[in-house]
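Chemist: Sharing a structure with you now.
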Amino acid sequence: MPTQKPTRVAVIGTGSFGRNHLRVYRELEAAGSVLLVAAVDADSARAAAIAAEYKIPTFTSVDGLLAANLDVTAASLCVPTLQHSSVGCQLLAAGVDLLVEKPIAASLADADALLEAANAHRRILQVGHLERFNPAVTAALPLLHQPMFFESHRLSIFTPRSLDVDVVLDLMIHDLDVVLSFVRSPVVDVRAVGLPVLSNKTDIANVRLEFANGCVANFTASRVSTERVRKLRFFQPRQYFSIDFARQELLFIDVSAAASLTPAQMAALAAAEPGTHPSAGLSLRKVPTEAGEPLVLEIESFLDSVRTRTAPRVTGEDARTALALAIEINDKIAEHATQAGLDRFKPTN
C-alpha cells in the first residue's frame, strides 16, 4: 500500500523553545513521518548557526521562507508572544498548519485574529499548553468524576527568559489550562494578588478561583523562587490526587473504605500504634503512567492532527479561554496593587 508523504515542517523562532522543537522534529525524522525542511530567526547569526547545525536552509523572515517555495505544510511558532498573531496569521493565510507556543497571543484581539485566520483558511491551530501532554495528567483523566478543590504550586528560579510576559502568562497559565480542562465549568469569581520582584512585570502571584459548579482552586506561581516545584493536588469525593509534573507521577488516595468504618472501628484505629493497622481504610497507590517527554507527545499529537485533519487536543479556543482567564487575573492583581498601595514597590529598571 502507498505510504503517506512525510509532513514538511519548519520552526519559526529558534530561541530556547524553538531549539527544543528543532531537536524533536529531527528525532522524529527517523520514523519517516516528518521532514524538517527550514527554520526562521530574525537574528542572522543565530539563523546561520542553526543552518550549520541542522543542515537546513534558514531565513531571517517568514517572507523569505514562503518565497523559497519549500512546500512547508506545518510549523512550530516559537517567536515572542507579541508576534504570535502577526506571524501566525501570515503563515495560516499561506496554508501552513500551526503549533503555537503558549500563550496563544498577547491579547484577546490577537487570539481572535489567529482563530479567524485558522477558520478562514481551514488550518490546524494547536497551542503549546505542554502539561496537557504530561503522562501524569493523561493518567488522571479517566479517574476524574467530580473534582472540587485544587491546590497548585509552580515555582521557578529566576531567569531572563520570557520576561516579555508576566508570571501568570509565563508559568501559571499551564495550571490554569489543566484545571479548566479538568473542571469543565465556568469561572464565576477571581481573587488575585501579585508583585513584581526582579522585573517590571508580576513575578509572583497567588490566585483563588471559584467555578459555577462549586469547585474552588488556589494557584501559586513564582519565577523568583529558590527551588523548582511543579505540583497540582486536588480532591474529589473520598479521593485525593497529587500530580508531580516534573517527575510525571500521579499519587492516588481513596478513603472510601475508611468512610464505611463503624465508630467503634474508628476508635480502635485511633487508639492503635502507628503502623499496626495496614488496612486503616486508606488505599494509597501510585497510578501507572507511560513515560514520555511531553514536548515529543505534543508534537506527535500535532502532526497526527495535521495528517488526519482532526481537532487537536489543545485547540485555539481552549487556549483563548485560558488567556482570557489569565488576563482577568492580571486585572485583579493590578486592582489589588492599587488598593493596597503596592505600586511603589515596582522595580524602576
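So you can find residues: chains in the C-alpha cells are A, B, ... in the order shown, residues in each start at 1, and ligands are numbered from 1 in order.
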For Ile204 (chain A), please output as a list in words all residues within 8 Å (counting only C-alpha atoms; exclusion window: fewer than 6 positions along the same chain).
Modeler: Val167, Gly194, Leu195, Pro196, Val197, Thr220, Ala221, Ser222, Arg223 and Val224 of chain A
Chemist: Apply DSSP to the backbone of this structure and, from region 136-205 of chain A, keep only the residues in strand (DSSP E); write these as a CSV table (one decimal) with N, CA and C atoms, in the first residue's frame.
Modeler:
chain,number,residue,atom,x,y,z
A,149,PHE,N,-11.7,20.7,44.7
A,149,PHE,CA,-10.7,21.6,45.3
A,149,PHE,C,-9.4,21.3,44.7
A,150,PHE,N,-8.7,22.4,44.2
A,150,PHE,CA,-7.4,22.2,43.7
A,150,PHE,C,-6.4,23.1,44.4
A,151,GLU,N,-5.2,22.6,44.5
A,151,GLU,CA,-4.1,23.4,45.1
A,151,GLU,C,-2.9,23.3,44.1
A,152,SER,N,-2.4,24.4,43.5
A,152,SER,CA,-1.4,24.3,42.5
A,152,SER,C,-0.2,25.1,42.9
A,153,HIS,N,1.0,24.6,42.8
A,153,HIS,CA,2.3,25.3,43.0
A,153,HIS,C,3.2,25.1,41.8
A,154,ARG,N,3.6,26.2,41.2
A,154,ARG,CA,4.6,26.2,40.1
A,154,ARG,C,5.6,27.3,40.4
A,155,LEU,N,6.8,26.8,40.8
A,155,LEU,CA,7.8,27.7,41.3
A,155,LEU,C,9.1,27.5,40.4
A,187,VAL,N,-15.8,29.9,35.3
A,187,VAL,CA,-15.2,30.6,36.4
A,187,VAL,C,-16.2,31.7,36.8
A,188,VAL,N,-16.6,31.8,38.1
A,188,VAL,CA,-17.5,32.9,38.5
A,188,VAL,C,-16.9,33.9,39.4
A,189,ASP,N,-15.8,33.6,40.0
A,189,ASP,CA,-15.1,34.6,40.9
A,189,ASP,C,-13.6,34.4,40.8
A,190,VAL,N,-12.9,35.6,40.7
A,190,VAL,CA,-11.5,35.6,40.7
A,190,VAL,C,-10.9,36.5,41.7
A,191,ARG,N,-10.0,36.1,42.6
A,191,ARG,CA,-9.3,36.9,43.5
A,191,ARG,C,-7.8,36.7,43.3
A,192,ALA,N,-7.0,37.7,43.3
A,192,ALA,CA,-5.6,37.6,43.0
A,192,ALA,C,-4.8,38.7,43.6
A,193,VAL,N,-3.6,38.3,44.0
A,193,VAL,CA,-2.5,39.2,44.4
A,193,VAL,C,-1.2,38.9,43.7
A,194,GLY,N,-0.4,39.9,43.5
A,194,GLY,CA,0.9,39.6,42.8
A,194,GLY,C,1.8,40.8,43.0
A,195,LEU,N,3.1,40.5,42.8
A,195,LEU,CA,4.1,41.5,42.9
A,195,LEU,C,5.2,41.4,41.9
A,204,ILE,N,5.6,37.0,41.0
A,204,ILE,CA,5.0,36.1,42.0
A,204,ILE,C,3.5,36.4,42.1
A,205,ALA,N,2.7,35.4,42.1
A,205,ALA,CA,1.2,35.6,42.2
A,205,ALA,C,0.5,34.5,42.9
Chemist: Compile the contact shell of region 301-314 of chain A as a list in words: residues with an atom at most 9 Å away, counting only C-alpha atoms, same-chain residues fewer than 4 positions apart removed.
Modeler: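 That gives Gln4, Thr7, Ser33, Val34, Thr73, Ala74, Asp97, Leu98, Leu99, Arg123, Ile124, Leu125, Gln126, Val127, Gly128, His129, Arg132, Phe133, Val296, Leu297, Asp318 and Ala319 of chain A.
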Chemist: Those residues with N, CA, C and O atoms, as an mmCIF file, in the first residue's frame please?
Modeler:
data_model
loop_
_atom_site.group_PDB
_atom_site.id
_atom_site.type_symbol
_atom_site.label_atom_id
_atom_site.label_comp_id
_atom_site.auth_asym_id
_atom_site.auth_seq_id
_atom_site.Cartn_x
_atom_site.Cartn_y
_atom_site.Cartn_z
ATOM 1 N N GLN A 4 2.056 7.465 3.230
ATOM 2 C CA GLN A 4 1.795 8.894 3.205
ATOM 3 C C GLN A 4 3.113 9.660 3.198
ATOM 4 O O GLN A 4 4.079 9.280 3.870
ATOM 5 N N THR A 7 5.277 14.855 6.566
ATOM 6 C CA THR A 7 4.832 16.234 6.750
ATOM 7 C C THR A 7 6.057 17.143 6.761
ATOM 8 O O THR A 7 6.984 16.937 7.540
ATOM 9 N N SER A 33 7.851 10.056 9.298
ATOM 10 C CA SER A 33 6.549 10.719 9.191
ATOM 11 C C SER A 33 6.658 12.223 9.076
ATOM 12 O O SER A 33 5.665 12.918 8.829
ATOM 13 N N VAL A 34 7.859 12.773 9.290
ATOM 14 C CA VAL A 34 8.039 14.217 9.263
ATOM 15 C C VAL A 34 9.401 14.534 8.663
ATOM 16 O O VAL A 34 10.342 13.735 8.766
ATOM 17 N N THR A 73 4.215 22.566 5.052
ATOM 18 C CA THR A 73 2.788 22.371 5.342
ATOM 19 C C THR A 73 2.439 22.567 6.810
ATOM 20 O O THR A 73 1.264 22.703 7.155
ATOM 21 N N ALA A 74 3.447 22.567 7.682
ATOM 22 C CA ALA A 74 3.186 22.747 9.111
ATOM 23 C C ALA A 74 4.389 23.426 9.743
ATOM 24 O O ALA A 74 5.517 23.321 9.249
ATOM 25 N N ASP A 97 -0.298 24.768 8.629
ATOM 26 C CA ASP A 97 -0.868 24.402 9.932
ATOM 27 C C ASP A 97 0.111 24.814 11.027
ATOM 28 O O ASP A 97 1.336 24.712 10.854
ATOM 29 N N LEU A 98 -0.427 25.237 12.183
ATOM 30 C CA LEU A 98 0.435 25.826 13.203
ATOM 31 C C LEU A 98 0.316 25.169 14.568
ATOM 32 O O LEU A 98 -0.783 24.876 15.053
ATOM 33 N N LEU A 99 1.494 24.971 15.184
ATOM 34 C CA LEU A 99 1.605 24.692 16.611
ATOM 35 C C LEU A 99 2.216 25.942 17.223
ATOM 36 O O LEU A 99 3.384 26.252 16.999
ATOM 37 N N ARG A 123 -7.167 25.689 8.552
ATOM 38 C CA ARG A 123 -5.872 25.205 9.027
ATOM 39 C C ARG A 123 -5.979 24.687 10.447
ATOM 40 O O ARG A 123 -6.826 25.122 11.235
ATOM 41 N N ILE A 124 -5.101 23.744 10.798
ATOM 42 C CA ILE A 124 -4.991 23.263 12.173
ATOM 43 C C ILE A 124 -4.304 24.340 13.000
ATOM 44 O O ILE A 124 -3.264 24.877 12.597
ATOM 45 N N LEU A 125 -4.860 24.663 14.161
ATOM 46 C CA LEU A 125 -4.238 25.608 15.097
ATOM 47 C C LEU A 125 -4.205 24.938 16.465
ATOM 48 O O LEU A 125 -5.229 24.799 17.128
ATOM 49 N N GLN A 126 -3.028 24.491 16.844
ATOM 50 C CA GLN A 126 -2.832 23.883 18.169
ATOM 51 C C GLN A 126 -1.947 24.817 18.982
ATOM 52 O O GLN A 126 -1.071 25.483 18.437
ATOM 53 N N VAL A 127 -2.177 24.867 20.293
ATOM 54 C CA VAL A 127 -1.401 25.754 21.159
ATOM 55 C C VAL A 127 -0.645 24.915 22.187
ATOM 56 O O VAL A 127 -1.173 23.940 22.723
ATOM 57 N N GLY A 128 0.596 25.322 22.444
ATOM 58 C CA GLY A 128 1.511 24.503 23.233
ATOM 59 C C GLY A 128 1.335 24.556 24.732
ATOM 60 O O GLY A 128 2.292 24.898 25.450
ATOM 61 N N HIS A 129 0.154 24.208 25.213
ATOM 62 C CA HIS A 129 -0.030 24.031 26.656
ATOM 63 C C HIS A 129 0.507 22.641 27.001
ATOM 64 O O HIS A 129 -0.220 21.646 27.047
ATOM 65 N N ARG A 132 -0.719 19.443 29.275
ATOM 66 C CA ARG A 132 -1.827 18.579 28.862
ATOM 67 C C ARG A 132 -1.308 17.235 28.355
ATOM 68 O O ARG A 132 -2.033 16.244 28.305
ATOM 69 N N PHE A 133 -0.034 17.213 27.943
ATOM 70 C CA PHE A 133 0.560 16.001 27.395
ATOM 71 C C PHE A 133 1.459 15.296 28.412
ATOM 72 O O PHE A 133 2.089 14.303 28.086
ATOM 73 N N VAL A 296 7.608 15.900 23.002
ATOM 74 C CA VAL A 296 7.527 14.894 21.938
ATOM 75 C C VAL A 296 6.075 14.468 21.744
ATOM 76 O O VAL A 296 5.574 14.390 20.610
ATOM 77 N N LEU A 297 5.378 14.205 22.846
ATOM 78 C CA LEU A 297 3.982 13.786 22.770
ATOM 79 C C LEU A 297 3.117 14.884 22.169
ATOM 80 O O LEU A 297 2.202 14.612 21.379
ATOM 81 N N ASP A 318 -9.525 26.530 23.309
ATOM 82 C CA ASP A 318 -9.068 26.212 24.662
ATOM 83 C C ASP A 318 -8.052 27.249 25.133
ATOM 84 O O ASP A 318 -8.107 27.739 26.270
ATOM 85 N N ALA A 319 -7.109 27.544 24.263
ATOM 86 C CA ALA A 319 -6.041 28.482 24.611
ATOM 87 C C ALA A 319 -6.582 29.889 24.821
ATOM 88 O O ALA A 319 -6.101 30.630 25.692
#
Chemist: Can you work out which one of A:Tyr240, A:Phe59, A:Phe17, A:Phe182 has the shortest atom-to-atom distance to Phe211 (chain A), counting only C-alpha atoms?
Modeler: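 So, comparing all the options, the nearest one is A:Phe182.
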Chemist: Would you mind telling me which residue in A:Asp112, A:Asp71, A:Thr138, A:Leu323 lies nearest to Val96 (chain A) when using only C-alpha atoms?
Modeler: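 Selected residue with least distance to Val96 (chain A): A:Asp71.
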Chemist: Find the residue from A:Glu293, A:Asp175, A:Glu298, A:Glu53 that sits nearest to Phe219 (chain A); use only C-alpha atoms when measuring.
Modeler: A:Asp175
Chemist: Go ahead and compute the interatomic distance for CA of Glu116 (chain A) and CA of Val165 (chain A), in Å to one decimal.
Modeler: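 Those two atoms sit 23.8 Å apart.
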Chemist: So which residues touch Leu22 (chain A) within 8 Å, counting only C-alpha atoms, skipping near sequence neighbours fewer than 6 positions away, as a list in words?
Modeler: Val11, Thr14 and Leu36 of chain A
Chemist: For CA of Glu210 (chain A) and CA of Ala337 (chain A), determine how far apart the two atoms are, in Å to one decimal place.
Modeler: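 About the pair CA of Glu210 (chain A) and CA of Ala337 (chain A): they are 21.1 Å apart.
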Chemist: Rank nothing, just name the residue among A:Ala52, A:Ala140, A:Met172, A:Ala324 nearest to Arg233 (chain A), using only C-alpha atoms.
Modeler: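 Smallest separation from Arg233 (chain A) among the options: A:Ala140.
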